[in-house]
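Reproduced below: work31.json, with JSON, C-alpha atoms and all ligand atoms.
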[["chain", "number", "residue", "atom", "x", "y", "z"],
["A", 217, "MET", "CA", -0.29, -11.88, -25.94],
["A", 218, "ALA", "CA", -2.39, -8.78, -26.44],
["A", 219, "ALA", "CA", -0.92, -5.39, -25.65],
["A", 220, "PRO", "CA", -0.74, -5.09, -21.85],
["A", 221, "GLN", "CA", -3.00, -2.60, -20.10],
["A", 222, "VAL", "CA", -0.79, -2.45, -17.01],
["A", 223, "GLN", "CA", 2.95, -2.79, -16.66],
["A", 224, "ILE", "CA", 4.66, -3.45, -13.34],
["A", 225, "LEU", "CA", 8.32, -2.47, -13.26],
["A", 226, "VAL", "CA", 10.48, -4.08, -10.58],
["A", 227, "CYS", "CA", 14.02, -2.85, -10.01],
["A", 228, "VAL", "CA", 16.55, -5.69, -9.82],
["A", 229, "ASN", "CA", 19.60, -3.48, -10.25],
["A", 230, "ASP", "CA", 22.81, -4.69, -8.65],
["A", 231, "ARG", "CA", 25.99, -2.76, -7.94],
["A", 232, "PRO", "CA", 29.47, -3.99, -7.05],
["A", 233, "PRO", "CA", 30.18, -4.04, -3.31],
["A", 234, "GLU", "CA", 32.76, -1.24, -3.63],
["A", 235, "LYS", "CA", 30.03, 1.16, -4.75],
["A", 236, "LYS", "CA", 28.61, 3.08, -1.82],
["A", 237, "LYS", "CA", 25.18, 3.68, -3.36],
["A", 238, "PRO", "CA", 22.54, 1.15, -2.30],
["A", 239, "CYS", "CA", 20.66, -0.97, -4.84],
["A", 240, "CYS", "CA", 17.60, -3.19, -5.05],
["A", 241, "ALA", "CA", 19.12, -6.60, -5.84],
["A", 242, "PRO", "CA", 20.39, -7.34, -2.31],
["A", 243, "ARG", "CA", 17.03, -6.21, -0.95],
["A", 244, "GLY", "CA", 15.26, -8.97, -2.83],
["A", 245, "GLY", "CA", 14.53, -7.38, -6.19],
["A", 246, "LEU", "CA", 14.69, -10.58, -8.22],
["A", 247, "GLU", "CA", 12.59, -12.54, -5.73],
["A", 248, "LEU", "CA", 10.06, -9.72, -5.78],
["A", 249, "TYR", "CA", 9.95, -9.77, -9.59],
["A", 250, "ARG", "CA", 9.35, -13.53, -9.53],
["A", 251, "GLN", "CA", 6.59, -13.16, -6.94],
["A", 252, "PHE", "CA", 4.81, -10.57, -9.08],
["A", 253, "LYS", "CA", 5.12, -12.89, -12.11],
["A", 254, "ASP", "CA", 3.76, -15.87, -10.16],
["A", 255, "ARG", "CA", 0.87, -13.99, -8.58],
["A", 256, "VAL", "CA", -0.14, -12.34, -11.88],
["A", 257, "ARG", "CA", -0.27, -15.84, -13.38],
["A", 258, "ASP", "CA", -2.11, -17.32, -10.39],
["A", 259, "ARG", "CA", -4.74, -14.58, -10.51],
["A", 260, "GLY", "CA", -5.34, -14.98, -14.24],
["A", 261, "LEU", "CA", -4.03, -11.53, -15.12],
["A", 262, "ARG", "CA", -1.40, -12.48, -17.66],
["A", 263, "ASP", "CA", -3.43, -11.30, -20.65],
["A", 264, "THR", "CA", -3.51, -7.73, -19.41],
["A", 265, "VAL", "CA", -0.58, -7.30, -17.02],
["A", 266, "MET", "CA", 3.10, -7.36, -17.91],
["A", 267, "VAL", "CA", 5.75, -7.68, -15.19],
["A", 268, "THR", "CA", 9.18, -6.38, -16.19],
["A", 269, "ARG", "CA", 12.47, -6.43, -14.32],
["A", 270, "THR", "CA", 14.43, -3.25, -14.79],
["A", 271, "GLY", "CA", 17.67, -1.50, -14.03],
["A", 272, "CYS", "CA", 17.81, 1.40, -11.62],
["A", 273, "LEU", "CA", 14.57, 3.33, -11.18],
["A", 274, "LYS", "CA", 16.42, 6.22, -9.51],
["A", 275, "HIS", "CA", 15.10, 5.92, -5.96],
["A", 276, "CYS", "CA", 17.85, 3.63, -4.72],
["A", 277, "SER", "CA", 17.73, 4.62, -1.05],
["A", 278, "ARG", "CA", 14.07, 3.51, -0.96],
["A", 279, "GLY", "CA", 14.43, 0.09, -2.57],
["A", 280, "THR", "CA", 13.10, -2.25, -3.50],
["A", 281, "VAL", "CA", 11.36, 0.08, -5.95],
["A", 282, "VAL", "CA", 8.29, -0.80, -8.02],
["A", 283, "ALA", "CA", 6.47, 1.40, -10.55],
["A", 284, "VAL", "CA", 3.03, 0.67, -12.00],
["A", 285, "TRP", "CA", 1.99, 2.07, -15.37],
["A", 286, "PRO", "CA", -0.13, 3.65, -16.82],
["A", 287, "TYR", "CA", -0.92, 4.97, -13.36],
["A", 288, "ASN", "CA", 2.55, 6.45, -12.75],
["A", 289, "LEU", "CA", 2.47, 5.06, -9.21],
["A", 290, "TRP", "CA", 5.78, 4.48, -7.47],
["A", 291, "TYR", "CA", 6.23, 2.24, -4.46],
["A", 292, "ARG", "CA", 9.11, 2.01, -2.00],
["A", 293, "LYS", "CA", 10.55, -0.69, 0.21],
["A", 294, "VAL", "CA", 8.27, -3.26, -1.40],
["A", 295, "THR", "CA", 8.52, -6.80, -0.02],
["A", 296, "LEU", "CA", 7.07, -10.16, -0.99],
["A", 297, "ASP", "CA", 4.27, -9.57, 1.50],
["A", 298, "ASP", "CA", 3.14, -6.47, -0.42],
["A", 299, "VAL", "CA", 2.64, -8.09, -3.82],
["A", 300, "ASP", "CA", -0.98, -9.18, -3.43],
["A", 301, "GLU", "CA", -2.02, -5.83, -1.99],
["A", 302, "ILE", "CA", -0.48, -3.96, -4.93],
["A", 303, "LEU", "CA", -2.18, -6.30, -7.39],
["A", 304, "GLU", "CA", -5.53, -5.98, -5.64],
["A", 305, "THR", "CA", -5.44, -2.23, -5.01],
["A", 306, "THR", "CA", -3.49, -0.76, -7.90],
["A", 307, "VAL", "CA", -3.87, -3.27, -10.73],
["A", 308, "ILE", "CA", -7.36, -4.70, -10.21],
["A", 309, "GLY", "CA", -8.40, -1.43, -8.53],
["A", 310, "GLU", "CA", -7.32, 0.46, -11.64],
["A", 311, "GLY", "CA", -4.87, 2.90, -10.16],
["A", 312, "GLN", "CA", -5.83, 3.14, -6.50],
["A", 313, "VAL", "CA", -2.82, 3.82, -4.29],
["A", 314, "VAL", "CA", -1.40, 1.62, -1.54],
["A", 315, "GLU", "CA", -0.70, 4.65, 0.63],
["A", 316, "ARG", "CA", 1.65, 2.97, 3.09],
["A", 317, "LEU", "CA", 4.03, 2.06, 0.22],
["A", 318, "ALA", "CA", 3.74, 5.28, -1.79],
["A", 319, "MET", "CA", 7.04, 6.89, -2.73],
["A", 320, "PRO", "CA", 7.47, 10.25, -1.03],
["A", 321, "ASP", "CA", 8.07, 13.26, -3.23],
["A", 322, "ILE", "CA", 11.87, 13.08, -3.07],
["A", 323, "PRO", "CA", 14.52, 14.08, -5.61],
["A", 324, "TRP", "CA", 15.46, 11.46, -8.19],
["A", 325, "GLU", "CA", 18.76, 9.87, -7.18],
["B", 401, "LIG", "S1", 18.96, 0.37, -7.68],
["B", 401, "LIG", "FE1", 16.77, 0.13, -7.56],
["B", 401, "LIG", "S2", 16.09, 2.16, -7.70],
["B", 401, "LIG", "FE2", 18.24, 2.40, -7.99]]
Now that the file is in, can you turn its structure into structure tokens?
Amino acid sequence: MAAPQVQILVCVNDRPPEKKKPCCAPRGGLELYRQFKDRVRDRGLRDTVMVTRTGCLKHCSRGTVVAVWPYNLWYRKVTLDDVDEILETTVIGEGQVVERLAMPDIPWE
């Protein structure tokens, strides 16, 4: 694989039930990661796009959280239904923002 031009980070962090802080795993983080992987493959983008599952991306109350680099774009409450739009707009569109999913300017958690 050549060096990726775009990296999609998907939070799959899980916390024990006794922790009060929310996390992305029970909101479908792993399923979202798999959907990004599948759709990147289906669209023939694997040579340039890397999809990575991560730990906490520090916006836990807005999960499931996705970040797209090198554009430094952060998305909130991303669902399976949003994957194709993010790929089309931000990845193929080279950094255009999906406004309805854009992370507000909130403190890091
Ligand atoms: S657990 Fe996903 S952003 Fe913190």
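Proximity of A:Leu248, A:Val267, A:Cys276, A:Val226 to ligand LIG 401 (chain B), computed with only C-alpha atoms and all ligand atoms, is greatest for A:Cys276.
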What residues have any atom no more than 6 Å from ligand LIG 401 (chain B) when counting only C-alpha atoms and all ligand atoms, and can you list them as a PDB file with C-alpha atoms, in the coordinates of the input?
ATOM      1  CA  CYS A 227      14.020  -2.850 -10.010  1.00  0.00           C
ATOM      2  CA  ASN A 229      19.600  -3.480 -10.250  1.00  0.00           C
ATOM      3  CA  CYS A 239      20.660  -0.970  -4.840  1.00  0.00           C
ATOM      4  CA  CYS A 240      17.600  -3.190  -5.050  1.00  0.00           C
ATOM      5  CA  CYS A 272      17.810   1.400 -11.620  1.00  0.00           C
ATOM      6  CA  LEU A 273      14.570   3.330 -11.180  1.00  0.00           C
ATOM      7  CA  LYS A 274      16.420   6.220  -9.510  1.00  0.00           C
ATOM      8  CA  HIS A 275      15.100   5.920  -5.960  1.00  0.00           C
ATOM      9  CA  CYS A 276      17.850   3.630  -4.720  1.00  0.00           C
ATOM     10  CA  GLY A 279      14.430   0.090  -2.570  1.00  0.00           C
ATOM     11  CA  THR A 280      13.100  -2.250  -3.500  1.00  0.00           C
ATOM     12  CA  VAL A 281      11.360   0.080  -5.950  1.00  0.00           C
TER      13      VAL A 281
END
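The space between atom CA of A:Met319 and atom CA of A:Asp263 spans 27.6 Å.
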(request) Using all atoms listed in the file, give me every residue within 12 Å of (-0.2, -0.5, -7.4) in file coordinates, as a PyMOL selection string. (result) chain A and resi 222-226+252+265+281-292+294+298-319
(request) Can you work out the spacing between atom CA of A:Pro233 and atom CA of A:Arg269 in Å, to one decimal? (result) 21.0 Å
Need the axis-aligned box for stretch 241-256 of chain A with 6 Å each side, so what are the centre and edges in Å to one decimal, as AutoDock Vina command-line options?
--center_x 10.1 --center_y -11.0 --center_z -6.5 --size_x 32.5 --size_y 21.7 --size_z 23.2
(request) One decimal, Å: what's the distance from atom CA of A:Gln221 over to atom CA of A:Thr264, could you say? (result)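 So the two atoms, atom CA of A:Gln221 and atom CA of A:Thr264, lie 5.2 Å apart.
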(message) Given only C-alpha atoms as the basis, pick out the residue of A:Arg262, A:Glu247, A:Gly271, A:Pro323 nearest to A:Arg231.
(response) A:Gly271
Got a minute to add N, CA and C atoms to stretch 256-273 of chain A and dump it as an mmCIF file, in the frame of the given file?
data_model
loop_
_atom_site.group_PDB
_atom_site.id
_atom_site.type_symbol
_atom_site.label_atom_id
_atom_site.label_comp_id
_atom_site.auth_asym_id
_atom_site.auth_seq_id
_atom_site.Cartn_x
_atom_site.Cartn_y
_atom_site.Cartn_z
ATOM 1 N N VAL A 256 0.615 -12.773 -10.695
ATOM 2 C CA VAL A 256 -0.140 -12.340 -11.880
ATOM 3 C C VAL A 256 -0.671 -13.572 -12.620
ATOM 4 N N ARG A 257 0.171 -14.583 -12.741
ATOM 5 C CA ARG A 257 -0.270 -15.840 -13.380
ATOM 6 C C ARG A 257 -1.371 -16.500 -12.557
ATOM 7 N N ASP A 258 -1.153 -16.627 -11.258
ATOM 8 C CA ASP A 258 -2.110 -17.320 -10.390
ATOM 9 C C ASP A 258 -3.488 -16.637 -10.407
ATOM 10 N N ARG A 259 -3.478 -15.338 -10.550
ATOM 11 C CA ARG A 259 -4.740 -14.580 -10.510
ATOM 12 C C ARG A 259 -5.368 -14.407 -11.880
ATOM 13 N N GLY A 260 -4.759 -15.029 -12.898
ATOM 14 C CA GLY A 260 -5.340 -14.980 -14.240
ATOM 15 C C GLY A 260 -5.241 -13.622 -14.914
ATOM 16 N N LEU A 261 -4.171 -12.886 -14.585
ATOM 17 C CA LEU A 261 -4.030 -11.530 -15.120
ATOM 18 C C LEU A 261 -3.013 -11.426 -16.254
ATOM 19 N N ARG A 262 -2.502 -12.536 -16.691
ATOM 20 C CA ARG A 262 -1.400 -12.480 -17.660
ATOM 21 C C ARG A 262 -1.775 -11.848 -18.994
ATOM 22 N N ASP A 263 -3.042 -11.878 -19.364
ATOM 23 C CA ASP A 263 -3.430 -11.300 -20.650
ATOM 24 C C ASP A 263 -3.414 -9.777 -20.651
ATOM 25 N N THR A 264 -3.425 -9.189 -19.467
ATOM 26 C CA THR A 264 -3.510 -7.730 -19.410
ATOM 27 C C THR A 264 -2.372 -7.074 -18.636
ATOM 28 N N VAL A 265 -1.614 -7.866 -17.894
ATOM 29 C CA VAL A 265 -0.580 -7.300 -17.020
ATOM 30 C C VAL A 265 0.788 -7.850 -17.386
ATOM 31 N N MET A 266 1.723 -6.967 -17.619
ATOM 32 C CA MET A 266 3.100 -7.360 -17.910
ATOM 33 C C MET A 266 3.971 -6.994 -16.702
ATOM 34 N N VAL A 267 4.801 -7.931 -16.278
ATOM 35 C CA VAL A 267 5.750 -7.680 -15.190
ATOM 36 C C VAL A 267 7.148 -7.656 -15.811
ATOM 37 N N THR A 268 7.877 -6.577 -15.546
ATOM 38 C CA THR A 268 9.180 -6.380 -16.190
ATOM 39 C C THR A 268 10.230 -6.092 -15.130
ATOM 40 N N ARG A 269 11.354 -6.774 -15.206
ATOM 41 C CA ARG A 269 12.470 -6.430 -14.320
ATOM 42 C C ARG A 269 13.293 -5.349 -15.017
ATOM 43 N N THR A 270 13.736 -4.392 -14.211
ATOM 44 C CA THR A 270 14.430 -3.250 -14.790
ATOM 45 C C THR A 270 15.759 -2.993 -14.100
ATOM 46 N N GLY A 271 16.523 -2.095 -14.697
ATOM 47 C CA GLY A 271 17.670 -1.500 -14.030
ATOM 48 C C GLY A 271 17.169 -0.441 -13.059
ATOM 49 N N CYS A 272 18.092 0.414 -12.672
ATOM 50 C CA CYS A 272 17.810 1.400 -11.620
ATOM 51 C C CYS A 272 16.631 2.303 -11.977
ATOM 52 N N LEU A 273 15.721 2.442 -11.030
ATOM 53 C CA LEU A 273 14.570 3.330 -11.180
ATOM 54 C C LEU A 273 14.773 4.649 -10.425
#
